[in-house]
$ cat target-v9.txt   # compact mmCIF, C-alpha atoms and all ligand atoms
# COMPACT_ATOMS: atom_id res chain seq x y z
CA MET A 14 106.51 161.86 142.72
CA PRO A 15 103.55 160.08 144.37
CA ASP A 16 103.78 158.31 147.73
CA ASN A 17 104.69 154.66 147.46
CA ARG A 18 103.43 152.36 150.21
CA GLN A 19 105.55 149.22 150.44
CA PHE A 20 105.79 146.11 152.57
CA CYS A 21 109.35 145.14 153.50
CA LEU A 22 110.32 141.85 155.12
CA ALA A 23 110.89 142.56 158.82
CA GLN A 24 111.24 139.08 160.32
CA ARG A 25 111.32 135.53 158.97
CA PRO A 26 108.30 133.70 160.40
CA ALA A 27 108.84 130.37 162.18
CA ASP A 28 105.47 129.11 160.95
CA ARG A 29 102.54 131.27 159.78
CA VAL A 30 102.97 134.83 158.52
CA ASN A 31 102.07 137.11 161.45
CA ALA A 32 101.84 140.81 162.35
CA ASP A 33 105.65 141.04 162.79
CA THR A 34 106.60 139.48 159.45
CA PHE A 35 106.30 142.61 157.29
CA ALA A 36 106.64 146.35 157.96
CA LEU A 37 104.47 148.76 155.98
CA GLY A 38 106.21 152.05 155.16
CA THR A 39 105.79 154.95 152.74
CA VAL A 40 108.54 156.40 150.52
CA PRO A 41 108.39 158.68 147.46
CA ALA A 42 108.02 156.74 144.20
CA PRO A 43 111.44 156.56 142.50
CA GLU A 44 112.64 159.13 139.92
CA LEU A 45 112.89 157.66 136.44
CA GLN A 46 116.22 157.09 134.67
CA ALA A 47 116.61 156.61 130.89
CA GLY A 48 115.16 153.24 129.80
CA GLU A 49 112.83 152.95 132.83
CA ALA A 50 109.06 153.18 133.31
CA LEU A 51 107.03 153.82 136.47
CA VAL A 52 104.29 151.23 136.95
CA ARG A 53 101.30 151.52 139.27
CA THR A 54 100.24 148.23 140.82
CA LEU A 55 96.66 147.19 140.00
CA TYR A 56 96.48 143.50 141.05
CA LEU A 57 98.92 141.31 142.96
CA SER A 58 98.84 137.55 142.77
CA LEU A 59 98.98 135.92 146.23
CA ASP A 60 100.83 132.63 145.90
CA PRO A 61 101.95 129.83 148.20
CA THR A 62 105.47 130.44 146.93
CA ASN A 63 105.41 133.88 148.61
CA ARG A 64 105.78 131.92 151.86
CA ILE A 65 108.82 130.07 150.46
CA TRP A 66 110.47 133.32 149.33
CA ILE A 67 110.58 134.69 152.89
CA THR A 68 112.24 131.55 154.26
CA ASP A 69 116.01 131.20 154.29
CA ILE A 70 116.09 127.73 152.71
CA GLU A 71 117.44 126.41 149.41
CA GLN A 72 114.97 127.52 146.71
CA TYR A 73 114.72 128.37 143.04
CA MET A 74 115.29 132.14 143.48
CA PRO A 75 117.26 134.02 146.13
CA PRO A 76 115.14 134.41 149.27
CA VAL A 77 113.78 137.91 149.95
CA GLN A 78 116.26 139.56 152.33
CA LEU A 79 115.31 141.30 155.57
CA GLY A 80 114.51 144.95 154.79
CA GLU A 81 113.77 144.24 151.10
CA VAL A 82 110.42 145.02 149.48
CA MET A 83 108.38 141.81 149.40
CA ARG A 84 108.55 140.20 145.96
CA GLY A 85 105.20 139.86 144.21
CA TYR A 86 103.94 139.11 140.71
CA GLY A 87 101.04 141.09 139.31
CA ILE A 88 99.47 143.36 136.73
CA GLY A 89 100.17 147.09 136.67
CA GLN A 90 99.77 150.15 134.48
CA VAL A 91 102.52 152.38 133.15
CA VAL A 92 102.06 155.92 134.54
CA ALA A 93 105.29 157.55 133.30
CA SER A 94 107.97 156.33 130.95
CA LYS A 95 111.48 157.01 129.67
CA ASN A 96 111.38 153.73 127.71
CA PRO A 97 110.17 153.92 124.08
CA ASP A 98 108.65 150.41 124.36
CA LEU A 99 106.41 151.26 127.35
CA ALA A 100 103.81 154.03 126.98
CA PRO A 101 101.71 155.59 129.75
CA GLY A 102 98.45 153.64 129.94
CA ASP A 103 100.01 150.31 128.88
CA LEU A 104 99.00 147.35 131.03
CA VAL A 105 101.96 145.16 131.96
CA ASN A 106 102.71 142.09 134.05
CA GLY A 107 105.84 141.25 135.97
CA MET A 108 107.45 141.42 139.39
CA LEU A 109 105.84 144.53 140.85
CA GLY A 110 106.44 143.77 144.54
CA TRP A 111 104.09 144.44 147.44
CA GLN A 112 104.00 148.19 146.78
CA ASP A 113 101.98 150.85 144.94
CA TYR A 114 104.67 151.71 142.37
CA SER A 115 107.55 149.81 140.82
CA ILE A 116 110.11 150.37 138.07
CA ALA A 117 110.18 148.40 134.82
CA CYS A 118 113.79 148.27 133.60
CA PRO A 119 116.22 145.75 132.08
CA SER A 120 116.88 144.13 135.47
CA ASN A 121 113.11 144.00 136.21
CA PRO A 122 111.49 143.45 132.80
CA MET A 123 107.71 143.69 132.40
CA GLN A 124 105.62 142.42 129.49
CA VAL A 125 102.92 144.54 127.82
CA LEU A 126 99.53 142.78 127.85
CA PRO A 127 97.69 142.58 124.54
CA ALA A 128 95.06 145.34 124.34
CA GLY A 129 91.39 144.73 123.57
CA LEU A 130 91.01 141.11 124.73
CA PRO A 131 87.52 140.34 126.08
CA ILE A 132 89.11 139.01 129.30
CA THR A 133 89.02 140.82 132.65
CA LEU A 134 92.31 141.65 134.37
CA PRO A 135 91.61 139.20 137.26
CA ALA A 136 90.89 136.42 134.74
CA LEU A 137 94.10 137.26 132.85
CA LEU A 138 96.15 137.16 136.06
CA ASN A 139 94.46 133.91 137.03
CA VAL A 140 94.22 131.76 133.90
CA CYS A 141 96.85 133.35 131.61
CA GLY A 142 99.30 134.27 134.39
CA GLY A 143 101.79 132.21 136.37
CA THR A 144 99.33 129.74 137.91
CA GLY A 145 97.42 129.02 134.68
CA LEU A 146 100.74 128.53 132.86
CA THR A 147 101.86 126.18 135.63
CA ALA A 148 98.73 124.09 135.11
CA TYR A 149 99.12 124.10 131.32
CA PHE A 150 102.79 123.15 131.01
CA GLY A 151 102.81 120.86 134.03
CA LEU A 152 99.97 118.74 132.72
CA THR A 153 100.42 118.87 128.95
CA ASP A 154 104.22 118.62 128.89
CA LEU A 155 105.19 116.63 131.97
CA GLY A 156 101.98 114.69 132.68
CA ALA A 157 101.94 113.15 129.17
CA PRO A 158 98.12 112.98 129.40
CA LYS A 159 96.11 110.43 127.40
CA ALA A 160 92.36 110.36 126.82
CA GLY A 161 90.61 107.82 129.04
CA GLU A 162 93.32 107.89 131.74
CA THR A 163 92.59 108.92 135.34
CA LEU A 164 94.06 112.26 136.42
CA LEU A 165 94.15 113.12 140.12
CA VAL A 166 94.74 116.73 141.14
CA SER A 167 95.10 118.01 144.71
CA ALA A 168 94.21 121.58 145.81
CA ALA A 169 91.69 121.10 142.99
CA SER A 170 89.50 124.16 143.53
CA GLY A 171 92.53 126.48 143.67
CA ALA A 172 94.29 128.52 141.01
CA VAL A 173 96.54 125.81 139.55
CA GLY A 174 94.33 122.81 140.37
CA SER A 175 91.12 124.16 138.85
CA VAL A 176 92.87 124.79 135.52
CA VAL A 177 94.68 121.42 135.58
CA GLY A 178 91.40 119.55 136.03
CA GLN A 179 89.63 121.46 133.30
CA ILE A 180 92.50 120.92 130.84
CA GLY A 181 92.36 117.22 131.76
CA LYS A 182 88.67 117.21 130.76
CA ILE A 183 89.42 119.05 127.49
CA LEU A 184 91.96 116.27 126.76
CA GLY A 185 89.41 113.52 127.48
CA MET A 186 90.68 112.30 130.85
CA ARG A 187 88.67 111.09 133.84
CA VAL A 188 89.42 113.80 136.42
CA VAL A 189 89.28 113.44 140.20
CA GLY A 190 89.96 116.41 142.46
CA ILE A 191 90.85 116.66 146.14
CA THR A 192 89.62 119.79 147.90
CA GLY A 193 88.39 120.93 151.33
CA GLY A 194 84.69 120.88 152.19
CA PRO A 195 81.41 119.92 150.51
CA GLU A 196 80.86 123.26 148.73
CA LYS A 197 84.26 123.12 146.98
CA CYS A 198 83.58 119.46 146.06
CA ARG A 199 80.26 120.52 144.52
CA HIS A 200 81.98 123.40 142.70
CA ILE A 201 84.63 121.29 140.98
CA ILE A 202 82.06 118.74 139.78
CA GLU A 203 79.08 120.94 138.87
CA ASP A 204 80.78 124.18 137.80
CA LEU A 205 84.14 122.92 136.48
CA GLY A 206 83.11 119.50 135.11
CA PHE A 207 85.35 117.19 137.18
CA ASP A 208 84.14 113.57 137.35
CA ALA A 209 84.59 113.08 141.09
CA ALA A 210 85.68 114.94 144.21
CA VAL A 211 87.34 113.91 147.47
CA ASP A 212 86.83 116.09 150.57
CA TYR A 213 90.14 115.95 152.46
CA ARG A 214 88.50 117.55 155.50
CA ALA A 215 86.08 114.61 155.88
CA ALA A 216 87.04 111.78 158.25
CA ASP A 217 86.58 109.18 155.49
CA TRP A 218 88.66 110.97 152.81
CA ARG A 219 90.88 107.92 152.19
CA GLU A 220 87.78 105.80 151.47
CA GLN A 221 86.43 108.57 149.22
CA LEU A 222 89.76 108.55 147.33
CA ALA A 223 89.60 104.77 146.82
CA ALA A 224 85.96 104.95 145.65
CA ALA A 225 86.75 107.80 143.21
CA THR A 226 89.69 105.97 141.59
CA PRO A 227 88.43 102.41 140.88
CA ASN A 228 91.00 101.99 138.08
CA GLY A 229 93.83 103.59 140.05
CA ILE A 230 95.56 106.83 139.06
CA ASP A 231 97.60 107.33 135.88
CA VAL A 232 98.66 110.94 136.45
CA ASP A 233 98.94 112.69 139.83
CA PHE A 234 99.26 116.48 139.60
CA GLU A 235 100.62 117.02 143.09
CA ASN A 236 100.03 120.37 144.76
CA VAL A 237 99.88 119.43 148.45
CA GLY A 238 102.36 116.73 149.61
CA GLY A 239 102.37 115.10 153.06
CA GLN A 240 99.62 112.65 153.99
CA ILE A 241 97.55 113.48 150.92
CA MET A 242 100.41 112.73 148.53
CA ASP A 243 101.16 109.56 150.48
CA ALA A 244 97.59 108.28 150.09
CA VAL A 245 97.46 109.29 146.42
CA MET A 246 100.73 107.49 145.60
CA ARG A 247 99.22 104.30 147.04
CA ARG A 248 96.43 104.53 144.42
CA MET A 249 98.85 105.09 141.51
CA ASN A 250 99.26 102.52 138.75
CA LEU A 251 102.40 100.74 137.58
CA HIS A 252 104.48 103.11 135.39
CA SER A 253 102.20 106.08 136.16
CA ARG A 254 103.39 109.74 136.27
CA LEU A 255 103.61 112.11 139.20
CA VAL A 256 103.91 115.79 138.24
CA LEU A 257 105.42 117.38 141.34
CA CYS A 258 104.17 120.97 141.30
CA GLY A 259 103.88 121.95 144.96
CA LEU A 260 103.96 120.78 148.58
CA ILE A 261 101.81 123.42 150.26
CA SER A 262 101.09 121.32 153.35
CA ASN A 263 104.76 121.78 154.29
CA TYR A 264 105.36 125.48 153.64
CA ASN A 265 104.38 126.74 157.09
CA ASP A 266 105.72 123.70 158.86
CA PRO A 267 109.22 123.68 160.32
CA VAL A 268 109.07 119.85 160.43
CA PRO A 269 107.76 118.71 157.01
CA ASP A 270 105.28 115.85 156.89
CA MET A 271 106.91 113.56 154.33
CA ALA A 272 105.23 110.94 152.19
CA ASP A 273 106.75 107.42 152.12
CA PHE A 274 108.55 107.22 148.77
CA SER A 275 109.03 103.42 148.64
CA VAL A 276 105.89 103.07 146.51
CA LEU A 277 107.63 105.13 143.78
CA LEU A 278 110.16 102.35 143.43
CA MET A 279 107.76 99.40 143.67
CA ARG A 280 105.37 100.85 141.04
CA ARG A 281 108.14 102.50 138.94
CA ILE A 282 106.36 105.85 139.04
CA THR A 283 107.98 108.65 137.00
CA VAL A 284 108.31 111.80 139.12
CA ARG A 285 108.57 115.09 137.23
CA PRO A 286 109.29 118.05 139.54
CA PHE A 287 109.21 121.45 137.86
CA ILE A 288 109.20 125.20 138.43
CA ILE A 289 107.18 127.24 135.96
CA LEU A 290 110.18 129.51 135.27
CA ASP A 291 111.66 126.52 133.39
CA TYR A 292 109.06 127.29 130.70
CA ALA A 293 109.73 131.05 130.37
CA PRO A 294 110.67 130.79 126.67
CA ARG A 295 107.22 129.24 125.99
CA PHE A 296 105.04 131.58 128.13
CA ALA A 297 103.54 133.41 125.12
CA GLU A 298 102.53 130.11 123.50
CA GLY A 299 100.89 128.85 126.73
CA ALA A 300 99.13 132.15 127.46
CA MET A 301 97.68 132.25 123.93
CA ARG A 302 96.31 128.70 124.23
CA LEU A 303 94.80 129.44 127.66
CA ALA A 304 93.28 132.74 126.43
CA GLN A 305 91.74 130.88 123.49
CA TRP A 306 90.11 128.27 125.76
CA LEU A 307 88.93 131.06 128.06
CA MET A 308 87.29 132.99 125.21
CA GLU A 309 85.68 129.77 123.90
CA GLY A 310 84.15 129.20 127.35
CA LYS A 311 86.10 125.93 127.80
CA LEU A 312 87.86 127.17 130.94
CA LYS A 313 85.80 128.52 133.83
CA HIS A 314 87.53 130.72 136.37
CA ARG A 315 86.92 131.99 139.88
CA GLU A 316 88.84 134.63 141.80
CA THR A 317 88.78 135.64 145.45
CA ILE A 318 89.82 139.30 145.38
CA VAL A 319 90.91 141.03 148.59
CA ASP A 320 90.80 144.83 148.44
CA GLY A 321 93.73 146.97 149.60
CA LEU A 322 97.51 146.62 149.65
CA GLU A 323 97.44 146.93 153.44
CA ASN A 324 95.70 143.55 153.66
CA ALA A 325 98.39 141.56 151.83
CA PRO A 326 99.95 139.78 154.85
CA THR A 327 96.67 138.61 156.39
CA ALA A 328 95.28 137.64 153.00
CA LEU A 329 98.31 135.42 152.32
CA ASN A 330 97.34 133.10 155.18
CA ARG A 331 94.02 132.36 153.46
CA LEU A 332 95.97 130.13 151.04
CA PHE A 333 97.00 127.92 153.94
CA ASP A 334 93.57 127.97 155.60
CA GLY A 335 91.73 127.18 152.36
CA ASP A 336 89.68 130.30 153.11
CA LYS A 337 88.98 131.23 149.46
CA LEU A 338 87.77 129.78 146.17
CA GLY A 339 89.76 129.80 142.94
CA LYS A 340 92.67 132.19 142.66
CA LEU A 341 93.51 134.49 145.56
CA MET A 342 94.62 137.97 144.57
CA LEU A 343 94.85 141.48 145.92
CA LYS A 344 93.31 144.51 144.24
CA VAL A 345 95.52 147.55 144.83
CA ALA A 346 94.11 150.14 142.39
CA ASP A 347 91.76 150.53 139.43
CA PRO A 348 93.25 151.12 135.98
CA ALA A 349 93.19 154.78 134.89
N1 LIG Z 1 106.03 124.48 140.52
C1 LIG Z 1 105.62 125.71 140.21
O1 LIG Z 1 106.22 126.43 139.41
C2 LIG Z 1 104.38 126.24 140.87
C3 LIG Z 1 103.75 127.40 140.40
C4 LIG Z 1 102.56 127.83 141.03
C5 LIG Z 1 102.07 127.10 142.12
N2 LIG Z 1 102.73 126.00 142.53
C6 LIG Z 1 102.21 125.19 143.64
O2 LIG Z 1 100.91 124.77 143.32
C7 LIG Z 1 100.15 124.59 144.51
C8 LIG Z 1 98.84 125.35 144.39
O3 LIG Z 1 99.13 126.74 144.27
P1 LIG Z 1 97.98 127.79 143.94
O4 LIG Z 1 98.63 129.09 143.70
O5 LIG Z 1 97.10 127.23 142.91
O6 LIG Z 1 97.20 127.87 145.32
P2 LIG Z 1 95.69 127.50 145.58
O7 LIG Z 1 95.50 126.06 145.23
O8 LIG Z 1 94.80 128.49 144.93
O9 LIG Z 1 95.56 127.70 147.16
C9 LIG Z 1 96.13 126.81 148.04
C10 LIG Z 1 95.15 125.67 148.40
O10 LIG Z 1 95.93 124.61 148.95
C11 LIG Z 1 95.11 123.84 149.78
N3 LIG Z 1 95.83 123.53 151.02
C12 LIG Z 1 96.53 124.39 151.79
N4 LIG Z 1 97.07 123.73 152.84
C13 LIG Z 1 96.67 122.44 152.72
C14 LIG Z 1 96.88 121.26 153.50
N5 LIG Z 1 97.63 121.28 154.62
N6 LIG Z 1 96.30 120.10 153.08
C15 LIG Z 1 95.55 120.08 151.94
N7 LIG Z 1 95.32 121.14 151.16
C16 LIG Z 1 95.87 122.31 151.56
C17 LIG Z 1 93.84 124.62 150.07
O11 LIG Z 1 92.82 123.95 149.34
P3 LIG Z 1 91.25 123.93 149.74
O12 LIG Z 1 90.77 125.29 149.35
O13 LIG Z 1 90.73 122.82 148.90
O14 LIG Z 1 91.19 123.67 151.21
C18 LIG Z 1 94.16 126.00 149.50
O15 LIG Z 1 93.03 126.68 149.02
C19 LIG Z 1 101.04 125.05 145.65
O16 LIG Z 1 101.69 123.93 146.22
C20 LIG Z 1 102.06 125.93 144.96
O17 LIG Z 1 103.29 126.03 145.66
C21 LIG Z 1 103.87 125.57 141.95
$ encode --input "target-v9.txt" --output "structure tokens" --more "lines below"
Ligand SMILES: NC(=O)c1ccc[n+]([C@@H]2O[C@H](COP(=O)([O-])OP(=O)(O)OC[C@H]3O[C@@H](n4cnc5c(N)ncnc54)[C@H](OP(=O)(O)O)[C@@H]3O)[C@@H](O)[C@H]2O)c1
Amino acid sequence: MPDNRQFCLAQRPADRVNADTFALGTVPAPELQAGEALVRTLYLSLDPTNRIWITDIEQYMPPVQLGEVMRGYGIGQVVASKNPDLAPGDLVNGMLGWQDYSIACPSNPMQVLPAGLPITLPALLNVCGGTGLTAYFGLTDLGAPKAGETLLVSAASGAVGSVVGQIGKILGMRVVGITGGPEKCRHIIEDLGFDAAVDYRAADWREQLAAATPNGIDVDFENVGGQIMDAVMRRMNLHSRLVLCGLISNYNDPVPDMADFSVLLMRRITVRPFIILDYAPRFAEGAMRLAQWLMEGKLKHRETIVDGLENAPTALNRLFDGDKLGKLMLKVADPA
């Protein structure tokens, strides 16, 4: 059996992930039992929710326990199989963990990716994976989008936000994105087709937000929370919708920066919080629609790919520093 490098949770961080948070060890890859397949990790998605999973707070899945392999979603390749539905060479996605090899089995199911699509593996993980599906179902199902309305999306140059904004344009909305720095503002307008951008790192970002939303905001796709969400809510229209997807500005912070919710009441804003797992029965439908748009050139995609499993912990902090463009992921191995 090959060596299996794996990161286990060593210590729960008080704020940022640091050198003591994970321990890197090597064990033999597990022996296969009947019904199982051995999967080699190719790409791992790095997600803000990874930071939530290592915190002992109420959440939508059990927190990763101390000593456990870090949970991680990604794309892998079957290298050995005692499961008739998984053949060596098959590309699969699922919960692979921060390790070189994992086991696909009934308690850790993995889905075979369709063969022969003209879509790269990073683009599949990005647009047709968990973050693209989050954008698709969050906006189309919960945002109740209408052509001509104003859609505001925060973390707009990131994995979820960049797809949300582009779907908003496909659906005929006026789309405004909030992102950090002039280059990312240029990117979402010129490369992705957004109508306007707000640079939250600029001193005058509140004025930029007001200028970019002259008719207020009909749908807020909220990825950030805190002061940004607070300012956005104050631009929202009567009976508008707030799709509550994420609150990344709070994930490293032991004392969350809360928005003032009174405006929700005064403007009768509908708040729709969701976790993408709610949509699991519809993943295939969403992935097919996203793949179609991708192949038609209607969805542009960018990935920041960090090489090497050993870099996972330091790479994760780039989500919180905004030190990347598009979807952040880790490349662990090439397909055979
Ligand atoms: N509900 C669900 O099921 C679900 C599923 C997936 C993701 N999410 C949520 O969706 C959000 C985006 O996730 P993602 O995977 O697409 O990540 P991402 O947007 O690709 O990366 C995170 C981005 O957040 C921005 N950011 C980080 N800290 C910030 C702060 N303090 N203030 C303002 N912006 C900040 C940065 O944007 P700049 O680069 O512009 O600086 C950073 O690049 C997260 O809140 C995540 O938890 C929810």
$ residues_around --input "target-v9.txt" --residues "Phe150 (chain A)" --least-positions-apart "4" --cutoff "12 Å" --atoms "only C-alpha atoms" --output "PyMOL selection string"
chain A and resi 141+143-146+154-158+173+176-177+180+234+256+258+285-300+302-303
$ closest_residue --input "target-v9.txt" --among "A:Asp243, A:Val77, A:Asn63, A:Gly110" --to "ligand LIG 1 (chain Z)" --atoms "only C-alpha atoms and all ligand atoms"
A:Asn63
$ axis_aligned_box --input "target-v9.txt" --around "ligand LIG 1 (chain Z)" --padding-each-side "8 Å" --output "lines of an AutoDock Vina configuration file"
center_x = 98.5
center_y = 124.6
center_z = 147.0
size_x = 31.5
size_y = 25.0
size_z = 31.2
$ closest_residue --input "target-v9.txt" --among "A:Asp212, A:Glu196, A:Asp347, A:Glu316" --to "Ser58 (chain A)" --atoms "only C-alpha atoms"
A:Glu316
$ residues_near_ligand --input "target-v9.txt" --ligand "ligand LIG 1 (chain Z)" --cutoff "7 Å" --atoms "all atoms listed in the file" --output "count of residues only"
40
$ residues_around --input "target-v9.txt" --residues "Gly190 (chain A)" --least-positions-apart "3" --cutoff "8 Å" --atoms "all atoms listed in the file" --output "ChimeraX atom specification"
/A:165-170,178,198,201,207,209-211
$ residues_near_point --input "target-v9.txt" --point "(110.8, 138.2, 149.3)" --cutoff "8 Å" --atoms "all atoms listed in the file" --output "ChimeraX atom specification"
/A:22,63,66-67,76-78,81-85
$ atom_distance --input "target-v9.txt" --atom1 "CA of Lys182 (chain A)" --atom2 "CA of Gly161 (chain A)"
9.7 Å
$ atom_distance --input "target-v9.txt" --atom1 "CA of Leu138 (chain A)" --atom2 "CA of Thr327 (chain A)"
20.4 Å
$ closest_residue --input "target-v9.txt" --among "A:Arg254, A:Arg248, A:Arg187, A:Arg219" --to "Asp233 (chain A)" --atoms "all atoms listed in the file"
A:Arg254
$ atom_distance --input "target-v9.txt" --atom1 "CA of Val30 (chain A)" --atom2 "CA of Leu57 (chain A)"
17.3 Å
$ residues_near_point --input "target-v9.txt" --point "(107.2, 156.2, 136.3)" --cutoff "7 Å" --atoms "all atoms listed in the file" --output "ChimeraX atom specification"
/A:45,50-52,91-94,116
$ closest_residue --input "target-v9.txt" --among "A:Leu164, A:Ile70, A:Ala325, A:Ala148" --to "Tyr264 (chain A)" --atoms "all atoms listed in the file"
A:Ile70
$ closest_residue --input "target-v9.txt" --among "A:Ile183, A:Ala244, A:Val345, A:Leu329" --to "Glu309 (chain A)" --atoms "only C-alpha atoms"
A:Ile183
$ residues_around --input "target-v9.txt" --residues "Pro119 (chain A)" --least-positions-apart "3" --cutoff "10 Å" --atoms "all atoms listed in the file" --output "VMD selection string"
chain A and resid 48 to 49 116 122 to 123
$ closest_residue --input "target-v9.txt" --among "A:Leu312, A:Val105, A:Ala100, A:Leu79" --to "Gly206 (chain A)" --atoms "all atoms listed in the file"
A:Leu312
$ closest_atom_pairs --input "target-v9.txt" --of "region 32-150 of chain A" --to "region 265-281 of chain A" --cutoff "10 Å" --atoms "all atoms listed in the file" --output "Markdown table"
| residue | atom | partner | partner_atom | distance |
| --- | --- | --- | --- | --- |
| A:Pro61 | CA | A:Asn265 | CA | 9.7 |
| A:Arg64 | CA | A:Asn265 | CA | 7.5 |
| A:Ile65 | CA | A:Asn265 | CA | 8.6 |
| A:Thr68 | CA | A:Asn265 | CA | 9.6 |
